[in-house]
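**Q** Structure file run04.cif (mmCIF, C-alpha atoms) is given on the next line.
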```cif
data_query
#
loop_
_atom_site.group_PDB
_atom_site.id
_atom_site.type_symbol
_atom_site.label_atom_id
_atom_site.label_comp_id
_atom_site.auth_asym_id
_atom_site.auth_seq_id
_atom_site.Cartn_x
_atom_site.Cartn_y
_atom_site.Cartn_z
ATOM 1 C CA MET A 198 32.788 119.543 -142.293
ATOM 2 C CA LYS A 199 36.056 119.099 -140.418
ATOM 3 C CA ASN A 200 36.268 122.857 -139.922
ATOM 4 C CA LYS A 201 32.786 122.939 -138.414
ATOM 5 C CA PHE A 202 33.733 120.089 -136.100
ATOM 6 C CA TRP A 203 36.885 121.871 -134.888
ATOM 7 C CA LEU A 204 35.053 125.175 -134.648
ATOM 8 C CA GLY A 205 32.323 123.553 -132.567
ATOM 9 C CA LEU A 206 34.888 121.809 -130.400
ATOM 10 C CA MET A 207 36.763 125.084 -129.843
ATOM 11 C CA MET A 208 33.541 126.900 -128.968
ATOM 12 C CA ALA A 209 32.615 124.173 -126.489
ATOM 13 C CA PHE A 210 36.085 124.374 -124.966
ATOM 14 C CA ALA A 211 35.830 128.186 -124.732
ATOM 15 C CA LEU A 212 32.427 127.862 -123.068
ATOM 16 C CA ILE A 213 33.835 125.414 -120.530
ATOM 17 C CA LEU A 214 36.700 127.837 -119.776
ATOM 18 C CA VAL A 215 34.342 130.785 -119.334
ATOM 19 C CA VAL A 216 32.018 128.846 -117.033
ATOM 20 C CA GLY A 217 34.970 127.422 -115.105
ATOM 21 C CA CYS A 218 36.612 130.816 -114.630
ATOM 22 C CA SER A 219 33.318 132.366 -113.618
ATOM 23 C CA SER A 220 32.761 129.701 -110.990
ATOM 24 C CA SER A 221 36.329 130.060 -109.738
ATOM 25 C CA SER A 222 35.888 133.829 -109.508
ATOM 26 C CA GLU A 223 32.677 133.412 -107.507
ATOM 27 C CA GLU A 224 34.390 130.991 -105.115
ATOM 28 C CA SER A 225 37.273 133.414 -104.694
ATOM 29 C CA SER A 226 34.838 136.254 -104.061
ATOM 30 C CA GLU A 227 32.912 134.195 -101.509
ATOM 31 C CA LYS A 228 36.143 133.211 -99.764
ATOM 32 C CA SER A 229 37.260 136.856 -99.604
ATOM 33 C CA SER A 230 33.885 137.829 -98.208
ATOM 34 C CA ASN A 231 34.031 135.076 -95.576
ATOM 35 C CA ASP A 232 37.620 136.035 -94.658
ATOM 36 C CA SER A 233 36.569 139.668 -94.344
ATOM 37 C CA GLU A 234 33.639 138.775 -92.093
ATOM 38 C CA ALA A 235 35.840 136.546 -89.934
ATOM 39 C CA SER A 236 38.427 139.295 -89.711
ATOM 40 C CA LYS A 237 35.773 141.816 -88.638
ATOM 41 C CA GLU A 238 34.490 139.390 -85.998
ATOM 42 C CA ASP A 239 38.055 138.931 -84.742
ATOM 43 C CA MET A 240 38.446 142.717 -84.548
ATOM 44 C CA LYS A 241 35.207 142.982 -82.593
ATOM 45 C CA SER A 242 36.488 140.425 -80.121
ATOM 46 C CA ASP A 243 39.859 142.170 -79.912
ATOM 47 C CA ILE A 244 38.347 145.624 -79.317
ATOM 48 C CA LEU A 245 36.125 144.231 -76.557
ATOM 49 C CA ASP A 246 39.130 142.539 -74.933
ATOM 50 C CA PHE A 247 41.139 145.752 -75.296
ATOM 51 C CA TYR A 248 38.351 147.814 -73.758
ATOM 52 C CA LEU A 249 38.011 145.454 -70.792
ATOM 53 C CA SER A 250 41.771 145.489 -70.294
ATOM 54 C CA LEU A 251 41.787 149.293 -70.346
ATOM 55 C CA ALA A 252 38.906 149.541 -67.867
ATOM 56 C CA ASN A 253 40.470 146.914 -65.585
ATOM 57 C CA THR A 254 43.823 148.723 -65.648
ATOM 58 C CA ILE A 255 42.152 151.969 -64.621
ATOM 59 C CA ASN A 256 39.961 150.359 -61.968
ATOM 60 C CA ALA A 257 42.931 148.555 -60.440
ATOM 61 C CA ASN A 258 44.690 151.860 -59.810
ATOM 62 C CA ASP A 259 42.181 154.671 -59.308
ATOM 63 C CA VAL A 260 40.360 153.595 -56.149
ATOM 64 C CA ALA A 261 41.620 156.458 -53.960
ATOM 65 C CA LEU A 262 40.997 158.956 -56.760
ATOM 66 C CA ASN A 263 37.413 157.741 -57.178
ATOM 67 C CA THR A 264 36.845 157.914 -53.423
ATOM 68 C CA TYR A 265 38.063 161.497 -53.448
ATOM 69 C CA GLU A 266 36.173 162.626 -56.561
ATOM 70 C CA LEU A 267 32.908 160.885 -55.703
ATOM 71 C CA SER A 268 32.857 161.836 -52.043
ATOM 72 C CA GLU A 269 29.395 162.767 -50.844
ATOM 73 C CA GLU A 270 30.968 164.879 -48.123
ATOM 74 C CA PRO A 271 33.853 166.753 -49.772
ATOM 75 C CA ASP A 272 34.179 168.992 -46.664
ATOM 76 C CA LYS A 273 35.372 166.003 -44.671
ATOM 77 C CA LEU A 274 38.194 165.098 -47.064
ATOM 78 C CA THR A 275 41.632 165.575 -45.582
ATOM 79 C CA GLU A 276 44.966 166.516 -47.110
ATOM 80 C CA GLU A 277 45.892 162.849 -46.763
ATOM 81 C CA ASP A 278 42.848 161.933 -48.847
ATOM 82 C CA LYS A 279 43.914 164.471 -51.455
ATOM 83 C CA ALA A 280 47.505 163.144 -51.467
ATOM 84 C CA ALA A 281 46.249 159.566 -51.783
ATOM 85 C CA ALA A 282 44.007 160.611 -54.682
ATOM 86 C CA SER A 283 46.959 162.311 -56.365
ATOM 87 C CA GLU A 284 49.112 159.180 -55.992
ATOM 88 C CA SER A 285 46.244 157.049 -57.262
ATOM 89 C CA ALA A 286 45.867 159.263 -60.350
ATOM 90 C CA LYS A 287 49.627 159.157 -60.939
ATOM 91 C CA ALA A 288 49.689 155.345 -60.643
ATOM 92 C CA THR A 289 46.756 155.087 -63.054
ATOM 93 C CA GLY A 290 48.528 157.265 -65.608
ATOM 94 C CA GLU A 291 51.669 155.152 -65.320
ATOM 95 C CA ALA A 292 49.705 151.905 -65.636
ATOM 96 C CA LEU A 293 47.999 153.207 -68.771
ATOM 97 C CA GLY A 294 51.438 153.614 -70.299
ATOM 98 C CA GLU A 295 51.742 149.825 -70.181
ATOM 99 C CA VAL A 296 48.485 149.131 -72.057
ATOM 100 C CA LYS A 297 49.194 147.714 -75.515
ATOM 101 C CA VAL A 298 46.939 147.556 -78.557
ATOM 102 C CA PRO A 299 46.399 143.939 -79.703
ATOM 103 C CA GLU A 300 47.894 142.852 -83.056
ATOM 104 C CA GLY A 301 44.400 142.185 -84.412
ATOM 105 C CA LEU A 302 43.589 145.882 -84.148
ATOM 106 C CA SER A 303 46.497 147.055 -86.291
ATOM 107 C CA ASP A 304 44.056 149.032 -88.489
ATOM 108 C CA TYR A 305 43.137 151.092 -85.425
ATOM 109 C CA LYS A 306 46.470 151.057 -83.601
ATOM 110 C CA ASN A 307 47.287 154.737 -84.111
ATOM 111 C CA ASN A 308 43.835 155.911 -83.022
ATOM 112 C CA LEU A 309 43.819 153.624 -79.997
ATOM 113 C CA ASN A 310 47.287 154.775 -78.947
ATOM 114 C CA VAL A 311 46.154 158.406 -79.189
ATOM 115 C CA ALA A 312 43.051 157.523 -77.147
ATOM 116 C CA ILE A 313 45.188 155.844 -74.470
ATOM 117 C CA GLU A 314 47.479 158.878 -74.390
ATOM 118 C CA ALA A 315 44.512 161.229 -73.967
ATOM 119 C CA ILE A 316 43.167 159.169 -71.068
ATOM 120 C CA GLN A 317 46.649 158.878 -69.589
ATOM 121 C CA THR A 318 47.028 162.665 -69.845
ATOM 122 C CA SER A 319 43.770 163.060 -67.965
ATOM 123 C CA TYR A 320 45.083 161.066 -65.023
ATOM 124 C CA SER A 321 48.458 162.823 -65.103
ATOM 125 C CA LYS A 322 46.685 166.198 -65.013
ATOM 126 C CA LYS A 323 44.543 165.067 -62.083
ATOM 127 C CA ALA A 324 47.652 163.956 -60.190
ATOM 128 C CA GLU A 325 49.270 167.349 -60.761
ATOM 129 C CA ILE A 326 46.109 169.280 -59.859
ATOM 130 C CA LEU A 327 45.626 167.341 -56.629
ATOM 131 C CA ALA A 328 49.310 167.737 -55.731
ATOM 132 C CA GLY A 329 48.974 171.494 -56.262
ATOM 133 C CA ASP A 330 51.430 171.442 -59.178
ATOM 134 C CA SER A 331 49.008 172.711 -61.835
ATOM 135 C CA SER A 332 46.630 175.594 -62.314
ATOM 136 C CA GLU A 333 44.380 173.508 -64.575
ATOM 137 C CA THR A 334 41.005 172.322 -63.347
ATOM 138 C CA MET A 335 39.535 168.876 -63.028
ATOM 139 C CA ASP A 336 37.225 169.844 -65.900
ATOM 140 C CA ASP A 337 40.318 170.281 -68.109
ATOM 141 C CA ALA A 338 41.498 166.825 -67.102
ATOM 142 C CA ASN A 339 38.065 165.346 -67.694
ATOM 143 C CA GLU A 340 37.975 166.817 -71.228
ATOM 144 C CA SER A 341 41.090 164.850 -72.085
ATOM 145 C CA PHE A 342 39.462 161.679 -70.707
ATOM 146 C CA SER A 343 36.315 162.346 -72.751
ATOM 147 C CA LEU A 344 38.347 162.804 -75.919
ATOM 148 C CA GLY A 345 40.046 159.437 -75.470
ATOM 149 C CA SER A 346 36.766 157.753 -74.634
ATOM 150 C CA GLU A 347 35.097 159.225 -77.745
ATOM 151 C CA MET A 348 37.918 157.954 -79.937
ATOM 152 C CA ILE A 349 37.369 154.443 -78.612
ATOM 153 C CA ASN A 350 33.618 154.774 -79.203
ATOM 154 C CA ASP A 351 34.271 155.824 -82.797
ATOM 155 C CA ILE A 352 36.064 152.528 -83.361
ATOM 156 C CA PHE A 353 33.249 150.588 -81.686
ATOM 157 C CA ASP A 354 30.827 152.352 -84.023
ATOM 158 C CA GLU A 355 32.960 151.625 -87.086
ATOM 159 C CA LEU A 356 32.957 147.935 -86.168
ATOM 160 C CA GLY A 357 29.181 147.932 -85.703
ATOM 161 C CA LEU A 358 29.284 147.607 -81.917
ATOM 162 C CA SER A 359 27.217 149.520 -79.391
ATOM 163 C CA ALA A 360 28.862 152.508 -77.779
ATOM 164 C CA VAL A 361 30.571 152.041 -74.444
ATOM 165 C CA ASN A 362 30.772 154.433 -71.526
ATOM 166 C CA LEU A 363 34.298 154.258 -70.160
ATOM 167 C CA ASN A 364 33.556 157.033 -67.670
ATOM 168 C CA ALA A 365 30.715 155.049 -66.108
ATOM 169 C CA GLU A 366 32.836 151.900 -66.198
ATOM 170 C CA VAL A 367 35.736 153.400 -64.227
ATOM 171 C CA ASN A 368 34.145 156.117 -62.094
ATOM 172 C CA SER A 369 31.653 154.185 -60.043
#
```
Is it possible to give me this structure as structure tokens?
**A**
Amino acid sequence: MKNKFWLGLMMAFALILVVGCSSSSEESSEKSSNDSEASKEDMKSDILDFYLSLANTINANDVALNTYELSEEPDKLTEEDKAAASESAKATGEALGEVKVPEGLSDYKNNLNVAIEAIQTSYSKKAEILAGDSSETMDDANESFSLGSEMINDIFDELGLSAVNLNAEVNS
């Protein structure tokens, strides 16, 4: 009889342990899930802030370049306009070198740095082309810009965000 009592008591204790561990495991799993969702939301916010910073950096520097490239009367553009556009492209490239990827996007830091470099290369190429220091074409420079923009869009997509159009954002 005593053995049955102790056996029953041990089984009850084991059942309590199993239920307790199961509940603890579920709480831990829920907490991990909530942390993961919060982290993803933080990344979404960080990528949007990064994107706006990138677009603002470009827009603050490429005014003369945009005026030159989007001219409705390219025949009336002067050598001074071309020189100003070249300086504007050069300044934009240099400013892009100062853009930093936020800490919250460490998972995407390498890709974002490559994207920034591609966009920066685009502006450097445009500066050289307009200054007459390169035989490349504006289409070559624009391909580099598109590559960087696509890399940023891939990250937006991975985070479940709608695609952005950096070209439209900075060339208007």
**Q** Given only C-alpha atoms, how would the per-residue table for segment 307-356 of chain A near segment 281-300 of chain A read, listing every residue at most 12 Å away with its closest atom pair and distance in Å to one decimal, sorted by chain and number, as a tab-separated table?
**A**
```
residue	atom	partner	partner_atom	distance
A:Asn307	CA	A:Val298	CA	9.1
A:Asn308	CA	A:Val298	CA	10.0
A:Leu309	CA	A:Val298	CA	7.0
A:Asn310	CA	A:Val298	CA	7.2
A:Val311	CA	A:Val298	CA	10.9
A:Ala312	CA	A:Leu293	CA	10.6
A:Ile313	CA	A:Leu293	CA	6.9
A:Glu314	CA	A:Gly294	CA	7.8
A:Ala315	CA	A:Gly290	CA	10.1
A:Ile316	CA	A:Gly290	CA	7.9
A:Gln317	CA	A:Gly290	CA	4.7
A:Thr318	CA	A:Gly290	CA	7.0
A:Ser319	CA	A:Gly290	CA	7.9
A:Tyr320	CA	A:Ala286	CA	5.1
A:Ser321	CA	A:Gly290	CA	5.6
A:Lys322	CA	A:Ala286	CA	8.4
A:Lys323	CA	A:Ala286	CA	6.2
A:Ala324	CA	A:Ser283	CA	4.2
A:Glu325	CA	A:Ser283	CA	7.1
A:Ile326	CA	A:Ser283	CA	7.8
A:Leu327	CA	A:Ser283	CA	5.2
A:Ala328	CA	A:Ser283	CA	5.9
A:Gly329	CA	A:Ser283	CA	9.4
A:Asp330	CA	A:Ser283	CA	10.5
A:Ser331	CA	A:Ser283	CA	11.9
A:Met335	CA	A:Ala286	CA	11.8
A:Ala338	CA	A:Ala286	CA	11.0
A:Phe342	CA	A:Gly290	CA	11.3
A:Ile349	CA	A:Val298	CA	11.8
```
**Q** Written as a ChimeraX atom specification, what is the full residue list that the PyMOL selection byres ((chain A and resi 265-269) around 7) yields on the file shown?
**A** /A:261-264,270-271,278-279,282
**Q** With all atoms listed in the file as the basis for distance, which of A:Glu277, A:Ala252, A:Val260, A:Ser369 is at the shortest distance from Ser346 of chain A?
**A** A:Ala252
**Q** One decimal, Å: what's the distance from atom CA of Asp246 of chain A over to atom CA of Asn368 of chain A, could you say?
**A** 19.3 Å
**Q** Go through A:Leu356, A:Leu274, A:Val367, A:Met240 and flag the residue nearest Ile255 of chain A, using only C-alpha atoms for the distances.
**A** A:Val367
**Q** So that I can check the surroundings of Glu347 of chain A, please list as JSON, numbers by chain every protein, DNA and RNA residue that reaches within 10 Å of it, counting all atoms listed in the file and ignoring chain neighbours fewer than 4 positions away.
**A** {"A": [312, 341, 342, 343, 351, 352, 353, 360, 361, 362, 363]}
**Q** Of the candidates A:Ser236, A:Thr254, A:Asn364, A:Ser332, which shows the shortest atom-to-atom distance to Asn350 of chain A, using all atoms listed in the file?
**A**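 Among the listed residues, A:Asn364 lies closest to Asn350 of chain A.
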**Q** Can you measure atom CA of Ser242 of chain A to atom CA of Lys306 of chain A for me? One decimal in Å is fine.
**A**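 So the two atoms, atom CA of Ser242 of chain A and atom CA of Lys306 of chain A, lie 15.0 Å apart.
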**Q** So, with all atoms listed in the file as the atoms that count, which of A:Lys273, A:Asp336, A:Ile244, A:Ser250 lies closest to Glu366 of chain A?
**A**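 Looking at the shortest contact to Glu366 of chain A, the residue is A:Ser250.
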